[in-house]
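Coordinates from work.csv are shown below (CSV, C-alpha atoms).
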chain,number,residue,atom,x,y,z
A,1,MET,CA,0.0,0.0,0.0
A,2,LYS,CA,2.8,2.4,1.0
A,3,TRP,CA,4.7,1.4,-2.2
A,4,SER,CA,1.7,2.1,-4.5
A,5,CYS,CA,1.1,5.5,-2.9
A,6,THR,CA,4.8,6.4,-3.5
A,7,VAL,CA,4.5,5.3,-7.2
A,8,ALA,CA,1.2,7.3,-7.6
A,9,ALA,CA,2.8,10.4,-6.0
A,10,PHE,CA,5.8,10.1,-8.4
A,11,LEU,CA,3.6,9.7,-11.4
A,12,LEU,CA,1.5,12.7,-10.3
A,13,LEU,CA,4.7,14.7,-9.9
A,14,VAL,CA,6.0,13.8,-13.4
A,15,SER,CA,2.6,14.4,-15.1
A,16,SER,CA,2.2,17.8,-13.3
A,17,SER,CA,5.7,18.7,-14.4
A,18,LEU,CA,4.8,17.9,-18.0
A,19,LEU,CA,1.5,19.8,-17.8
A,20,ALA,CA,3.4,22.8,-16.4
A,21,GLN,CA,5.3,22.8,-19.8
A,22,GLY,CA,2.1,22.6,-21.7
A,23,GLY,CA,2.8,18.9,-22.1
A,24,ARG,CA,5.4,19.6,-24.7
A,25,THR,CA,8.7,17.7,-24.8
A,26,PRO,CA,11.6,19.2,-26.8
A,27,SER,CA,10.6,16.9,-29.7
A,28,ASP,CA,7.0,18.1,-29.4
A,29,VAL,CA,8.3,21.7,-29.7
A,30,VAL,CA,10.3,20.9,-32.9
A,31,ASP,CA,7.3,19.1,-34.4
A,32,ALA,CA,5.0,22.0,-33.5
A,33,PHE,CA,7.4,24.5,-35.1
A,34,HIS,CA,7.3,22.5,-38.4
A,35,LYS,CA,3.6,22.3,-38.2
A,36,ALA,CA,3.2,26.0,-37.6
A,37,LEU,CA,5.5,26.8,-40.6
A,38,ARG,CA,3.4,24.5,-42.9
A,39,ASN,CA,0.1,26.0,-41.6
A,40,LEU,CA,1.4,29.6,-42.2
A,41,ASP,CA,0.9,30.2,-38.5
A,42,THR,CA,3.4,33.0,-38.1
A,43,ALA,CA,2.6,33.9,-34.5
A,44,GLY,CA,2.5,30.2,-33.6
A,45,ALA,CA,6.0,29.6,-35.1
A,46,LEU,CA,7.4,32.7,-33.5
A,47,SER,CA,6.0,31.8,-30.1
A,48,LEU,CA,8.2,28.6,-30.1
A,49,LEU,CA,11.4,30.6,-30.6
A,50,ASP,CA,13.5,32.1,-27.9
A,51,ARG,CA,14.2,35.8,-28.2
A,52,GLY,CA,17.9,34.9,-28.3
A,53,LEU,CA,17.5,32.7,-31.4
A,54,VAL,CA,20.4,32.2,-33.8
A,55,VAL,CA,19.7,30.3,-37.0
A,56,TYR,CA,22.3,28.6,-39.3
A,57,GLU,CA,20.4,27.8,-42.5
A,58,PHE,CA,21.9,26.4,-45.6
A,59,GLY,CA,25.1,28.4,-45.0
A,60,ILE,CA,23.3,31.6,-44.0
A,61,VAL,CA,23.4,33.1,-40.5
A,62,ASP,CA,20.4,34.8,-38.9
A,63,PRO,CA,21.9,36.4,-35.8
A,64,THR,CA,18.6,37.5,-34.3
A,65,VAL,CA,15.1,36.3,-34.1
A,66,GLU,CA,14.0,39.5,-35.8
A,67,SER,CA,16.3,38.8,-38.7
A,68,TYR,CA,15.0,35.2,-39.0
A,69,GLY,CA,11.4,36.1,-38.6
A,70,LEU,CA,11.4,38.9,-41.1
A,71,ARG,CA,13.9,37.6,-43.8
A,72,HIS,CA,13.9,33.8,-43.8
A,73,MET,CA,11.0,32.4,-41.8
A,74,PRO,CA,8.7,33.4,-44.7
A,75,HIS,CA,10.8,31.3,-47.1
A,76,ASP,CA,10.7,28.4,-44.7
A,77,MET,CA,6.9,28.7,-44.7
A,78,ASP,CA,6.9,28.6,-48.5
A,79,LEU,CA,9.3,25.6,-48.5
A,80,ALA,CA,7.2,23.8,-45.9
A,81,ARG,CA,4.0,24.5,-47.9
A,82,ALA,CA,5.5,23.2,-51.1
A,83,THR,CA,7.2,20.1,-49.8
A,84,SER,CA,6.6,17.1,-47.6
A,85,TRP,CA,8.9,16.5,-44.7
A,86,LYS,CA,9.0,12.9,-43.5
A,87,LEU,CA,10.9,12.3,-40.2
A,88,GLU,CA,13.4,9.6,-40.7
A,89,THR,CA,15.6,9.6,-37.7
A,90,ARG,CA,15.6,11.5,-34.4
A,91,ARG,CA,17.9,11.6,-31.4
A,92,THR,CA,17.3,13.7,-28.3
A,93,GLY,CA,19.5,14.6,-25.4
A,94,GLY,CA,20.6,17.2,-22.9
A,95,GLU,CA,19.4,17.6,-19.4
A,96,GLY,CA,17.9,20.2,-17.1
A,97,ASN,CA,17.0,23.4,-19.0
A,98,ASP,CA,19.1,22.7,-22.1
A,99,ARG,CA,18.1,20.0,-24.6
A,100,TRP,CA,18.9,19.1,-28.1
A,101,VAL,CA,16.9,17.3,-30.9
A,102,LEU,CA,18.7,15.9,-33.9
A,103,SER,CA,16.5,15.0,-36.8
A,104,THR,CA,16.8,13.9,-40.4
A,105,TYR,CA,13.9,14.3,-42.9
A,106,ARG,CA,13.2,13.0,-46.3
A,107,VAL,CA,12.0,16.1,-48.2
A,108,THR,CA,10.1,15.7,-51.4
A,109,GLY,CA,8.1,18.1,-53.6
A,110,LYS,CA,8.6,20.4,-56.6
A,111,THR,CA,10.1,23.9,-57.1
A,112,VAL,CA,8.1,26.7,-58.6
A,113,ASP,CA,9.3,25.6,-62.1
A,114,SER,CA,8.4,22.0,-61.5
A,115,ARG,CA,11.8,20.6,-60.8
A,116,PRO,CA,11.6,17.6,-58.4
A,117,ILE,CA,12.9,17.8,-54.9
A,118,ASP,CA,14.0,14.6,-53.2
A,119,HIS,CA,16.7,14.9,-50.6
A,120,THR,CA,17.6,14.5,-47.0
A,121,THR,CA,17.6,17.6,-44.7
A,122,LEU,CA,19.6,17.5,-41.5
A,123,GLU,CA,18.4,19.5,-38.6
A,124,THR,CA,20.0,20.3,-35.2
A,125,VAL,CA,17.7,22.1,-32.8
A,126,ILE,CA,18.8,23.3,-29.3
A,127,LEU,CA,16.1,24.3,-26.9
A,128,ARG,CA,16.1,26.0,-23.5
A,129,ARG,CA,13.5,26.0,-20.9
A,130,SER,CA,12.0,29.4,-20.6
A,131,GLY,CA,9.5,29.6,-17.8
A,132,ALA,CA,7.2,26.6,-18.2
A,133,ASN,CA,8.1,25.8,-21.8
A,134,PHE,CA,11.0,24.8,-23.9
A,135,ARG,CA,11.8,27.3,-26.7
A,136,ILE,CA,14.1,27.0,-29.6
A,137,VAL,CA,17.4,28.9,-29.2
A,138,HIS,CA,19.3,27.5,-32.2
A,139,VAL,CA,18.4,25.7,-35.5
A,140,HIS,CA,20.9,24.5,-38.0
A,141,TRP,CA,19.7,23.1,-41.3
A,142,SER,CA,21.7,21.6,-44.1
A,143,THR,CA,20.9,19.2,-46.9
A,144,SER,CA,22.4,16.3,-48.8
A,145,ASP,CA,21.5,18.0,-52.1
A,146,THR,CA,24.3,20.5,-52.9
A,147,SER,CA,22.5,22.2,-55.9
A,148,PHE,CA,19.3,22.7,-53.8
A,149,GLN,CA,21.4,24.1,-51.0
A,150,ALA,CA,23.1,26.5,-53.4
A,151,GLU,CA,19.7,27.6,-54.8
A,152,ILE,CA,18.2,28.3,-51.4
A,153,GLN,CA,21.4,30.1,-50.3
A,154,ARG,CA,21.3,32.4,-53.4
A,155,GLN,CA,17.6,33.2,-52.8
A,156,ARG,CA,18.2,34.0,-49.1
A,157,LEU,CA,21.3,36.1,-49.8
A,158,SER,CA,19.0,38.2,-51.9
A,159,GLU,CA,17.3,39.4,-48.8
A,160,GLU,CA,19.4,42.4,-47.6
A,161,PRO,CA,19.2,43.3,-44.0
A,162,PRO,CA,16.5,45.9,-43.5
A,163,ALA,CA,18.9,48.5,-42.3
A,164,THR,CA,20.7,48.6,-45.7
A,165,ARG,CA,17.6,49.0,-47.8
B,1,MET,CA,-11.6,57.4,-74.6
B,2,LYS,CA,-9.2,58.8,-72.1
B,3,ARG,CA,-10.9,56.8,-69.4
B,4,GLY,CA,-10.5,53.6,-71.4
B,5,ARG,CA,-6.8,54.3,-71.9
B,6,ALA,CA,-6.4,54.9,-68.2
B,7,ILE,CA,-8.2,51.7,-67.3
B,8,ALA,CA,-6.0,49.8,-69.8
B,9,ALA,CA,-2.9,51.4,-68.4
B,10,ALA,CA,-3.9,50.6,-64.9
B,11,SER,CA,-4.6,47.0,-65.9
B,12,MET,CA,-1.2,46.7,-67.5
B,13,ILE,CA,0.5,48.0,-64.4
B,14,MET,CA,-1.4,45.7,-62.1
B,15,LEU,CA,-0.6,42.7,-64.4
B,16,ALA,CA,3.1,43.6,-64.5
B,17,SER,CA,3.3,44.0,-60.7
B,18,SER,CA,1.5,40.8,-60.0
B,19,THR,CA,3.8,39.0,-62.5
B,20,LEU,CA,6.9,40.5,-60.9
B,21,TYR,CA,5.6,39.4,-57.5
B,22,ALA,CA,4.9,35.8,-58.5
B,23,THR,CA,7.6,34.8,-60.9
B,24,HIS,CA,10.9,36.3,-59.9
B,25,SER,CA,13.5,34.1,-61.3
B,26,ASP,CA,15.3,33.7,-58.0
B,27,ILE,CA,12.3,32.2,-56.3
B,28,ALA,CA,12.6,28.4,-55.8
B,29,PHE,CA,9.1,28.3,-54.2
B,30,SER,CA,6.1,30.5,-54.9
B,31,PRO,CA,5.2,32.7,-51.9
B,32,ALA,CA,2.5,30.7,-50.1
B,33,VAL,CA,0.7,34.0,-49.5
B,34,PRO,CA,1.3,37.6,-50.6
B,35,ARG,CA,3.3,39.3,-47.8
B,36,TYR,CA,5.4,42.3,-46.9
B,37,GLY,CA,7.9,43.0,-44.2
B,38,GLY,CA,7.7,46.4,-42.5
B,39,GLN,CA,9.5,48.5,-39.9
B,40,VAL,CA,7.6,50.9,-37.6
B,41,THR,CA,8.7,54.5,-38.1
B,42,GLU,CA,6.1,56.5,-36.1
B,43,ILE,CA,3.4,55.6,-33.6
B,44,GLY,CA,0.1,57.3,-33.7
B,45,ALA,CA,-2.6,57.6,-31.1
B,46,SER,CA,-5.3,55.1,-30.4
B,47,ASP,CA,-8.7,56.2,-31.6
B,48,GLY,CA,-10.0,55.4,-28.1
B,49,LYS,CA,-12.7,53.1,-29.5
B,50,GLY,CA,-11.5,49.8,-28.5
B,51,GLY,CA,-8.1,49.0,-29.7
B,52,VAL,CA,-7.8,50.5,-33.2
B,53,HIS,CA,-4.3,52.0,-33.7
B,54,ARG,CA,-2.5,54.0,-36.3
B,55,PHE,CA,1.2,53.9,-37.1
B,56,ARG,CA,3.6,54.7,-39.9
B,57,ALA,CA,6.0,52.2,-41.4
B,58,ARG,CA,8.5,51.6,-44.2
B,59,GLN,CA,8.6,48.5,-46.4
B,60,VAL,CA,11.6,46.3,-45.8
B,61,GLY,CA,11.0,43.3,-48.0
B,62,PRO,CA,10.8,40.6,-49.1
B,63,TYR,CA,13.0,41.3,-52.1
B,64,TYR,CA,10.5,40.0,-54.6
B,65,ALA,CA,7.7,42.2,-53.5
B,66,PRO,CA,7.0,45.7,-54.8
B,67,ALA,CA,9.0,48.4,-53.0
B,68,ARG,CA,6.1,50.1,-51.4
B,69,PHE,CA,3.0,49.0,-49.5
B,70,PRO,CA,0.1,49.1,-52.0
B,71,PRO,CA,-2.3,51.8,-50.7
B,72,GLY,CA,-5.7,50.4,-49.7
B,73,GLU,CA,-4.9,46.8,-50.6
B,74,LEU,CA,-3.9,45.4,-47.3
B,75,ARG,CA,-7.3,45.6,-45.5
B,76,GLY,CA,-8.0,42.4,-43.7
B,77,TRP,CA,-4.4,41.2,-43.9
B,78,ARG,CA,-2.8,39.7,-40.8
B,79,LEU,CA,0.0,41.7,-39.2
B,80,THR,CA,2.4,39.9,-36.9
B,81,PHE,CA,5.3,41.5,-35.0
B,82,VAL,CA,8.6,39.6,-35.3
B,83,GLY,CA,10.3,41.7,-32.6
B,84,GLY,CA,9.7,44.2,-29.9
B,85,LYS,CA,7.4,44.0,-26.9
B,86,ARG,CA,4.6,42.6,-29.1
B,87,PHE,CA,6.7,39.8,-30.4
B,88,ALA,CA,4.6,37.1,-32.0
B,89,LYS,CA,1.4,39.1,-31.5
B,90,THR,CA,-1.1,39.5,-34.3
B,91,PHE,CA,-3.3,42.4,-35.4
B,92,GLU,CA,-5.7,42.9,-38.3
B,93,VAL,CA,-5.1,45.7,-40.9
B,94,MET,CA,-8.2,47.9,-41.1
B,95,SER,CA,-6.7,50.3,-43.8
B,96,ASN,CA,-3.4,51.4,-45.2
B,97,THR,CA,-1.6,53.8,-47.4
B,98,ASP,CA,1.9,53.3,-48.8
B,99,TYR,CA,3.4,54.4,-45.4
B,100,GLU,CA,0.6,54.3,-42.8
B,101,PHE,CA,-1.4,51.5,-41.2
B,102,VAL,CA,-4.5,51.4,-39.1
B,103,VAL,CA,-4.8,48.1,-37.3
B,104,LYS,CA,-7.2,46.5,-34.9
B,105,ALA,CA,-6.1,44.6,-31.8
B,106,LEU,CA,-7.3,41.0,-31.8
B,107,ASN,CA,-6.2,39.2,-28.6
B,108,ASP,CA,-3.4,41.5,-27.4
B,109,PRO,CA,-3.1,45.2,-26.8
B,110,PHE,CA,-1.1,47.3,-29.2
B,111,ASP,CA,0.6,49.1,-26.3
B,112,GLY,CA,4.3,48.7,-26.3
B,113,VAL,CA,4.9,48.7,-30.0
B,114,ALA,CA,7.8,51.0,-30.7
B,115,VAL,CA,9.6,52.7,-33.5
B,116,ASN,CA,11.9,50.2,-35.4
B,117,ASP,CA,9.8,47.2,-34.4
B,118,MET,CA,9.6,44.8,-37.4
B,119,PHE,CA,6.5,43.1,-38.6
B,120,LEU,CA,5.2,40.8,-41.3
B,121,VAL,CA,1.9,41.6,-43.0
B,122,GLU,CA,0.3,38.6,-44.8
B,123,ASP,CA,-2.8,38.0,-46.9
B,124,ILE,CA,-3.5,34.8,-45.1
B,125,ASN,CA,-6.9,34.4,-46.8
B,126,ALA,CA,-5.1,33.9,-50.1
B,127,ALA,CA,-3.4,30.7,-49.0
B,128,GLU,CA,-4.3,27.7,-51.1
B,129,PRO,CA,-5.1,24.5,-49.2
B,130,ILE,CA,-2.2,22.1,-48.6
B,131,LYS,CA,-2.1,19.5,-51.3
Please express what this file holds, its structure, as structure tokens.
Amino acid sequence: MKWSCTVAAFLLLVSSSLLAQGGRTPSDVVDAFHKALRNLDTAGALSLLDRGLVVYEFGIVDPTVESYGLRHMPHDMDLARATSWKLETRRTGGEGNDRWVLSTYRVTGKTVDSRPIDHTTLETVILRRSGANFRIVHVHWSTSDTSFQAEIQRQRLSEEPPATR
Amino acid sequence: MKRGRAIAAASMIMLASSTLYATHSDIAFSPAVPRYGGQVTEIGASDGKGGVHRFRARQVGPYYAPARFPPGELRGWRLTFVGGKRFAKTFEVMSNTDYEFVVKALNDPFDGVAVNDMFLVEDINAAEPIK
């Protein structure tokens, strides 16, 4: 009886801890971010990002969340909308307030001029607990398709920082 | 006759600008929705009637969009701040000129928006269903 009470109390503690985070594990946050991009949910995607976000994307650096949100997140929404991302592998780790999620995706679809896309995208996400939730502090994307990477890089380099326009 | 020419000219300009927006050769993927980036340049006063606010802004992208906000065409578009105190908060555009917006607060107050804050304004109703 005493043992079952202890187990019940432990389970209650764990579940209440998860509920306090909105029930979202670091993997859940990564999946929710992809879903928000695909659903064109700008506020939803931004709300999963830490204000100290830094993004390394296909060879381009977004040093601030404003830079990413204004210049490159819209492209990621367009990409997410036009392609299908199938999760192939995932590893998670970290402890305490700092966690990481490593994922590979099979990405398929077509470009605007109907060229097929079929490659593997590699994703490293670092998350930090912020209050009750984990938020993304770093994303690094790269791809196995060098020509696709070059095309995306050229497009994103076309976005000048707002201050220079 | 003059009116007919004016309408034809306006149609040509609209067609040219929409073509420019949609088929820039550097775009790998079509924009899922028409959108502009903006930066707040001046904050106006609230109209005192429940969360309608006026502010001025300059267009800061994306590179494939026309260089100025199209006057009167962003009504009903979704405006989301990507920085500042209202980070990730959304408002609805009630009216606009090429440099001025009137927006309505949806779930969050406009208070705290400051000069230099960045935002995205998107015609979310133009999104096609996911295939």
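Note that the spacing between CA of Val137 (chain A) and CA of Pro34 (chain B) amounts to 28.2 Å.
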With a cut-off of 9 Å and counting all atoms listed in the file, select all residues of chain A in contact with chain B and give the selection as a ChimeraX atom specification. /A:38-40,42-47,51,65-71,74-75,77-79,81-82,110-113,151-152,154-155,158-163,165
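One finds CA of Val30 (chain A) at 22.4 Å from CA of Ile117 (chain A).
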Env of Thr89 (chain A): 9 Å cut, atoms = all atoms listed in the file, seq-sep filter 2 positions within chain, self excluded. Answer as a list of chain:residue names. A:Leu87, A:Arg91, A:Leu102, A:Ser103, A:Thr104, A:Tyr105
Point-to-point distance from CA of Thr25 (chain A) to CA of Ala80 (chain A), Å rounded to tenths: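 CA of Ala80 (chain A) lies 22.0 Å from CA of Thr25 (chain A).
Shortest separation to Ala32 (chain A) among A:Asp145, A:Ile136, A:Ser130, A:Gly96 occurs at residue A:Ile136, atoms counted being all atoms listed in the file.
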For region 80-97 of chain B, where the input has fewer atoms than it should, I would like N, CA and C atoms rebuilt and written as an mmCIF file, in the frame of the given file.
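selection_22.cif, freshly written:
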data_model
loop_
_atom_site.group_PDB
_atom_site.id
_atom_site.type_symbol
_atom_site.label_atom_id
_atom_site.label_comp_id
_atom_site.auth_asym_id
_atom_site.auth_seq_id
_atom_site.Cartn_x
_atom_site.Cartn_y
_atom_site.Cartn_z
ATOM 1 N N THR B 80 1.791 40.609 -38.006
ATOM 2 C CA THR B 80 2.400 39.900 -36.900
ATOM 3 C C THR B 80 3.775 40.574 -36.582
ATOM 4 N N PHE B 81 4.015 40.958 -35.355
ATOM 5 C CA PHE B 81 5.300 41.500 -35.000
ATOM 6 C C PHE B 81 6.348 40.430 -34.825
ATOM 7 N N VAL B 82 7.519 40.633 -35.418
ATOM 8 C CA VAL B 82 8.600 39.600 -35.300
ATOM 9 C C VAL B 82 9.665 40.140 -34.299
ATOM 10 N N GLY B 83 9.424 41.240 -33.658
ATOM 11 C CA GLY B 83 10.300 41.700 -32.600
ATOM 12 C C GLY B 83 9.611 42.732 -31.751
ATOM 13 N N GLY B 84 10.318 43.220 -30.750
ATOM 14 C CA GLY B 84 9.700 44.200 -29.900
ATOM 15 C C GLY B 84 8.843 43.606 -28.789
ATOM 16 N N LYS B 85 8.180 44.473 -28.063
ATOM 17 C CA LYS B 85 7.400 44.000 -26.900
ATOM 18 C C LYS B 85 6.186 43.182 -27.349
ATOM 19 N N ARG B 86 5.716 43.376 -28.563
ATOM 20 C CA ARG B 86 4.600 42.600 -29.100
ATOM 21 C C ARG B 86 5.011 41.485 -29.990
ATOM 22 N N PHE B 87 6.190 40.947 -29.706
ATOM 23 C CA PHE B 87 6.700 39.800 -30.400
ATOM 24 C C PHE B 87 5.696 38.679 -30.514
ATOM 25 N N ALA B 88 5.476 38.183 -31.736
ATOM 26 C CA ALA B 88 4.600 37.100 -32.000
ATOM 27 C C ALA B 88 3.104 37.394 -31.718
ATOM 28 N N LYS B 89 2.778 38.669 -31.642
ATOM 29 C CA LYS B 89 1.400 39.100 -31.500
ATOM 30 C C LYS B 89 0.819 39.544 -32.808
ATOM 31 N N THR B 90 -0.469 39.258 -32.987
ATOM 32 C CA THR B 90 -1.100 39.500 -34.300
ATOM 33 C C THR B 90 -2.190 40.519 -34.233
ATOM 34 N N PHE B 91 -2.261 41.314 -35.304
ATOM 35 C CA PHE B 91 -3.300 42.400 -35.400
ATOM 36 C C PHE B 91 -3.889 42.276 -36.826
ATOM 37 N N GLU B 92 -5.025 42.939 -36.987
ATOM 38 C CA GLU B 92 -5.700 42.900 -38.300
ATOM 39 C C GLU B 92 -5.603 44.317 -38.913
ATOM 40 N N VAL B 93 -5.213 44.367 -40.177
ATOM 41 C CA VAL B 93 -5.100 45.700 -40.900
ATOM 42 C C VAL B 93 -6.527 46.124 -41.239
ATOM 43 N N MET B 94 -6.860 47.329 -40.807
ATOM 44 C CA MET B 94 -8.200 47.900 -41.100
ATOM 45 C C MET B 94 -8.072 48.761 -42.406
ATOM 46 N N SER B 95 -6.942 49.466 -42.543
ATOM 47 C CA SER B 95 -6.700 50.300 -43.800
ATOM 48 C C SER B 95 -5.235 50.586 -43.828
ATOM 49 N N ASN B 96 -4.796 51.017 -45.023
ATOM 50 C CA ASN B 96 -3.400 51.400 -45.200
ATOM 51 C C ASN B 96 -3.158 52.318 -46.336
ATOM 52 N N THR B 97 -2.090 53.086 -46.230
ATOM 53 C CA THR B 97 -1.600 53.800 -47.400
ATOM 54 C C THR B 97 -0.194 53.204 -47.664
#
